[in-house]
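Colleague: Before I ask anything, let me first share the structure, which is written out below as structure tokens.
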Amino acid sequence: MIMTKLKIAIQKKGRLSEKSLELLKECGISLTNGNRKLIAVSSNFPVELLYVRDDDIPQYVNDGVADLGIVGENELLEKDLPLKVIQPLGFAKCRMSLAIPKSEAYKSLDYFNGKRIATSYPVILEKYLRENKIDAEVHYISGSVEIAPGIGLAEGIFDIVSSGSTLISNGLKEVERVLKSEAVMLGAGSLSPEKEAILQMLLFRIKAVLRSRNSKYILLNAPNERLKEIIDVIPGMKSPTIMPLADGNWSSLHSVLEESDFWNVIDKLKALGAQGILVVPIEKMIL
């Protein structure tokens, strides 16, 4: 009997590939071989990976070669295929921006009227220009977009920006942020009942991992007369755990804290008299 497997296309090499494999490993999925081969099969979960070029992933999913794909949202938008985002994955975050030579004065998007813009993402750029009624000439370049202004090919560029160091090193400045992008899991639509069941099991694991990355477990000692105020600051997923201490005037409180609020919350807790604050990373978080 042939066992049903969920086929997932991922980038064959690079940072996105590494992060995708790291996520699957954190989900407890072991692979039988590395990314030197086209296909890797899991030994303990019904999935197999297809290692392909990142810009081919949306087409593989659209054509049914793969059931799912993990790719930057920018690649999905550029291909403009009838696919849907199943789960944002929280890594490979970047933005797509317009940039011009730093010596140029810039006041508004009207700057680009009548100008030439070089990009590897013409579909996204042309849609943005249409929506903003900008009449610019789009030049497609498959790579090294940032050199276009320097060699006289274009007056501006539209490209992926992470830290902005590449723009600076090429004498450019970012003038418009068009959209934000991150790695996503995408799909084409309906799956067979068997594959849908596998997908739901996988999503359960992925969400548990992602929640744990964004949260911390916090333990602290609190004076009983301030407990209500402290609980209001860190309510936890449902309600914090409270345990009495040997000193009857104090209690130990355990809860979960969002990473993004960490320092603001810690400052509030200290102001309310909390002591012995211990913050611990969470490996998995199941709701």
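Residues are named by chain letter and number: chains run A, B, ... in the order of the structure tokens, numbers start at 1 in each chain, and ligands are numbered from 1 in the order shown.
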Write out as a PyMOL selection string the residues lying within 10 Å of Glu194 (chain A), counting only C-alpha atoms and excluding same-chain residues fewer than 6 positions away.

Modeller: chain A and resi 3-6

Colleague: Store the residues of this selection in a file with N, CA and C atoms, as a compact mmCIF listing (two decimals), in the first residue's frame.

Modeller:
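What landed in selection.txt:
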```txt
# COMPACT_ATOMS: atom_id res chain seq x y z
N MET A 3 1.73 4.94 0.81
CA MET A 3 1.31 5.90 1.83
C MET A 3 1.20 7.29 1.22
N THR A 4 0.11 8.00 1.53
CA THR A 4 -0.08 9.37 1.04
C THR A 4 0.94 10.29 1.70
N LYS A 5 1.58 11.11 0.88
CA LYS A 5 2.55 12.08 1.39
C LYS A 5 2.21 13.47 0.87
N LEU A 6 2.47 14.45 1.67
CA LEU A 6 2.29 15.84 1.29
C LEU A 6 3.60 16.33 0.66
```

Colleague: Go through region 62-119 of chain A and collect every residue that DSSP, computed from the backbone, puts in helix (DSSP H, G or I); the answer should be as a PDB file with N, CA and C atoms, in the first residue's frame.

Modeller:
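Contents of out_19.pdb, as written:
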```pdb
ATOM      1  N   ASN A  62       1.146  25.660  -8.505  1.00  0.00           N
ATOM      2  CA  ASN A  62       0.015  25.918  -9.399  1.00  0.00           C
ATOM      3  C   ASN A  62      -0.220  24.753 -10.363  1.00  0.00           C
ATOM      4  N   GLU A  73       6.859  35.947   0.078  1.00  0.00           N
ATOM      5  CA  GLU A  73       5.578  36.440  -0.431  1.00  0.00           C
ATOM      6  C   GLU A  73       5.762  37.281  -1.683  1.00  0.00           C
ATOM      7  N   ASN A  74       6.915  37.916  -1.814  1.00  0.00           N
ATOM      8  CA  ASN A  74       7.196  38.717  -3.009  1.00  0.00           C
ATOM      9  C   ASN A  74       7.202  37.870  -4.275  1.00  0.00           C
ATOM     10  N   GLU A  75       7.708  36.623  -4.179  1.00  0.00           N
ATOM     11  CA  GLU A  75       7.710  35.730  -5.343  1.00  0.00           C
ATOM     12  C   GLU A  75       6.282  35.329  -5.716  1.00  0.00           C
ATOM     13  N   LEU A  76       5.465  35.127  -4.706  1.00  0.00           N
ATOM     14  CA  LEU A  76       4.061  34.796  -4.955  1.00  0.00           C
ATOM     15  C   LEU A  76       3.355  35.943  -5.669  1.00  0.00           C
ATOM     16  N   LEU A  77       3.568  37.156  -5.192  1.00  0.00           N
ATOM     17  CA  LEU A  77       2.923  38.318  -5.804  1.00  0.00           C
ATOM     18  C   LEU A  77       3.429  38.556  -7.223  1.00  0.00           C
ATOM     19  N   GLU A  78       4.703  38.312  -7.457  1.00  0.00           N
ATOM     20  CA  GLU A  78       5.279  38.542  -8.783  1.00  0.00           C
ATOM     21  C   GLU A  78       4.727  37.560  -9.817  1.00  0.00           C
ATOM     22  N   LYS A  79       4.511  36.315  -9.416  1.00  0.00           N
ATOM     23  CA  LYS A  79       4.001  35.312 -10.361  1.00  0.00           C
ATOM     24  C   LYS A  79       2.530  35.536 -10.683  1.00  0.00           C
ATOM     25  N   LEU A 109       6.246  60.653  -5.046  1.00  0.00           N
ATOM     26  CA  LEU A 109       6.264  59.593  -6.053  1.00  0.00           C
ATOM     27  C   LEU A 109       6.225  60.165  -7.470  1.00  0.00           C
ATOM     28  N   ASP A 110       5.771  61.380  -7.617  1.00  0.00           N
ATOM     29  CA  ASP A 110       5.737  62.019  -8.944  1.00  0.00           C
ATOM     30  C   ASP A 110       7.123  62.119  -9.565  1.00  0.00           C
ATOM     31  N   TYR A 111       8.139  62.002  -8.745  1.00  0.00           N
ATOM     32  CA  TYR A 111       9.522  62.020  -9.242  1.00  0.00           C
ATOM     33  C   TYR A 111       9.709  61.023 -10.383  1.00  0.00           C
ATOM     34  N   PHE A 112       9.001  59.889 -10.295  1.00  0.00           N
ATOM     35  CA  PHE A 112       9.238  58.799 -11.245  1.00  0.00           C
ATOM     36  C   PHE A 112       8.475  58.968 -12.567  1.00  0.00           C
TER      37      PHE A 112
END
```

Colleague: For Ile168 (chain A), which residue out of A:Leu83, A:Ala99, A:Met285, A:Ile70 is the nearest one, using only C-alpha atoms?

Modeller: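 The closest residue to Ile168 (chain A) is A:Ala99.
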
Colleague: Hey, which of A:Thr166, A:Ser17, A:Asn113, A:Ser215 ends up closest to Leu257 (chain A)? Count only C-alpha atoms.

Modeller: A:Ser215

Colleague: Report as a short mmCIF file (atom, residue, chain, number, x, y, z; two decimals) with C-alpha atoms, in the first residue's frame all protein, DNA and RNA residues lying within 10 Å of Ser144 (chain A), evaluated on only C-alpha atoms, omitting residues in the same chain fewer than 2 positions from it.

Modeller:
```
data_model
loop_
_atom_site.label_atom_id
_atom_site.label_comp_id
_atom_site.auth_asym_id
_atom_site.auth_seq_id
_atom_site.Cartn_x
_atom_site.Cartn_y
_atom_site.Cartn_z
CA ALA A 118 15.06 48.84 -13.28
CA THR A 119 13.71 45.81 -11.41
CA SER A 120 13.56 42.03 -11.20
CA ILE A 141 16.82 42.94 -15.08
CA SER A 142 17.34 39.41 -13.76
CA GLU A 146 21.32 48.21 -7.94
CA ILE A 147 23.96 48.97 -10.59
CA ALA A 148 21.39 50.23 -13.15
CA ASP A 159 14.15 45.83 -5.38
#
```

Colleague: Residues of region 48-286 of chain A in strand (DSSP E or B) according to DSSP, as a ChimeraX atom specification?

Modeller: /A:48-52,68-72,84-88,94-101,116-119,137-140,156-161,172-181,183-187,215-223,241-244,250-258,275-281

Colleague: I want to know what sits within 12 Å of Leu272 (chain A), based on only C-alpha atoms, with residues of the same chain fewer than 2 positions away left out; could you give that as a list in words?

Modeller: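 Answer for this query is Leu220, Asn221, Ala222, Pro223, Asn224, Glu225, Arg226, Leu227, Lys228, Glu229, Ile230, Ile231, Asp232, Val233, Val265, Ile266, Asp267, Lys268, Leu269, Lys270, Ala274 and Gln275 of chain A.
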
Colleague: Generate a file of the selected residues that holds N, CA and C atoms, formatted as a compact mmCIF listing (two decimals), in the first residue's frame.

Modeller:
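The resulting again_8.txt:
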```txt
# COMPACT_ATOMS: atom_id res chain seq x y z
N LEU A 220 7.75 35.08 38.65
CA LEU A 220 8.13 36.20 39.51
C LEU A 220 7.48 36.05 40.88
N ASN A 221 8.03 36.78 41.83
CA ASN A 221 7.44 36.87 43.16
C ASN A 221 6.74 38.22 43.28
N ALA A 222 5.52 38.20 43.82
CA ALA A 222 4.73 39.44 43.87
C ALA A 222 4.10 39.62 45.24
N PRO A 223 4.06 40.86 45.72
CA PRO A 223 3.34 41.13 46.98
C PRO A 223 1.84 40.93 46.75
N ASN A 224 1.18 40.26 47.65
CA ASN A 224 -0.23 39.92 47.46
C ASN A 224 -1.12 41.13 47.23
N GLU A 225 -0.79 42.28 47.86
CA GLU A 225 -1.66 43.44 47.69
C GLU A 225 -1.57 44.04 46.28
N ARG A 226 -0.57 43.60 45.48
CA ARG A 226 -0.44 44.11 44.10
C ARG A 226 -0.75 43.05 43.05
N LEU A 227 -1.24 41.89 43.49
CA LEU A 227 -1.46 40.77 42.57
C LEU A 227 -2.41 41.13 41.44
N LYS A 228 -3.53 41.75 41.75
CA LYS A 228 -4.51 42.06 40.73
C LYS A 228 -3.91 42.97 39.66
N GLU A 229 -3.15 43.98 40.09
CA GLU A 229 -2.54 44.90 39.12
C GLU A 229 -1.51 44.19 38.25
N ILE A 230 -0.75 43.26 38.86
CA ILE A 230 0.27 42.52 38.11
C ILE A 230 -0.38 41.56 37.12
N ILE A 231 -1.49 40.94 37.51
CA ILE A 231 -2.21 40.04 36.60
C ILE A 231 -2.75 40.82 35.40
N ASP A 232 -3.15 42.05 35.62
CA ASP A 232 -3.63 42.88 34.51
C ASP A 232 -2.52 43.16 33.50
N VAL A 233 -1.28 43.19 33.98
CA VAL A 233 -0.13 43.45 33.09
C VAL A 233 0.25 42.19 32.31
N VAL A 265 6.80 45.56 29.64
CA VAL A 265 6.13 44.79 30.70
C VAL A 265 7.03 44.64 31.91
N ILE A 266 8.31 44.34 31.68
CA ILE A 266 9.24 44.18 32.79
C ILE A 266 9.31 45.46 33.63
N ASP A 267 9.37 46.60 32.96
CA ASP A 267 9.42 47.88 33.69
C ASP A 267 8.17 48.08 34.54
N LYS A 268 7.00 47.71 33.99
CA LYS A 268 5.74 47.85 34.74
C LYS A 268 5.72 46.92 35.95
N LEU A 269 6.21 45.70 35.77
CA LEU A 269 6.21 44.71 36.85
C LEU A 269 7.10 45.18 38.00
N LYS A 270 8.26 45.71 37.66
CA LYS A 270 9.16 46.21 38.71
C LYS A 270 8.53 47.37 39.47
N ALA A 274 7.17 43.68 41.82
CA ALA A 274 7.56 42.30 41.51
C ALA A 274 9.07 42.14 41.72
N GLN A 275 9.45 40.96 42.22
CA GLN A 275 10.86 40.66 42.48
C GLN A 275 11.20 39.26 41.96
```

Colleague: Could you check which of A:Val175, A:Val145, A:Ile218, A:Leu210 is closest to Val280 (chain A), using only C-alpha atoms?

Modeller: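 Ranking A:Val175, A:Val145, A:Ile218, A:Leu210 by distance to Val280 (chain A), first place goes to A:Ile218.
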
Colleague: I want to know what sits within 10 Å of region 199-204 of chain A, based on only C-alpha atoms, with residues of the same chain fewer than 3 positions away left out; could you give that as a list in words?

Modeller: Lys5, Leu6, Leu24, Cys27, Gly28, Ile29, Phe45, Pro46, Val47, Asp67, Leu68, Ile86, Gln87, Met185, Leu191, Pro193, Glu194, Lys195, Glu196, Lys207, Ala208, Val209, Ile286 and Leu287 of chain A

Colleague: Between A:Lys180, A:Lys133, A:Lys127, A:Arg116, which is the closest to Ala154 (chain A) once you count only C-alpha atoms?

Modeller: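 Among the listed residues, the smallest separation from Ala154 (chain A) belongs to A:Arg116.
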
Colleague: Give me the residues near Asp54 (chain A) as a list in words, where near means some atom within 8 Å (using only C-alpha atoms) and where sequence neighbours in that chain fewer than 2 positions away do not count.

Modeller: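 Contacts, in chain order: Ile10, Gln11, Lys12, Val52, Asp56, Ile57, Val71 and Glu75 of chain A.
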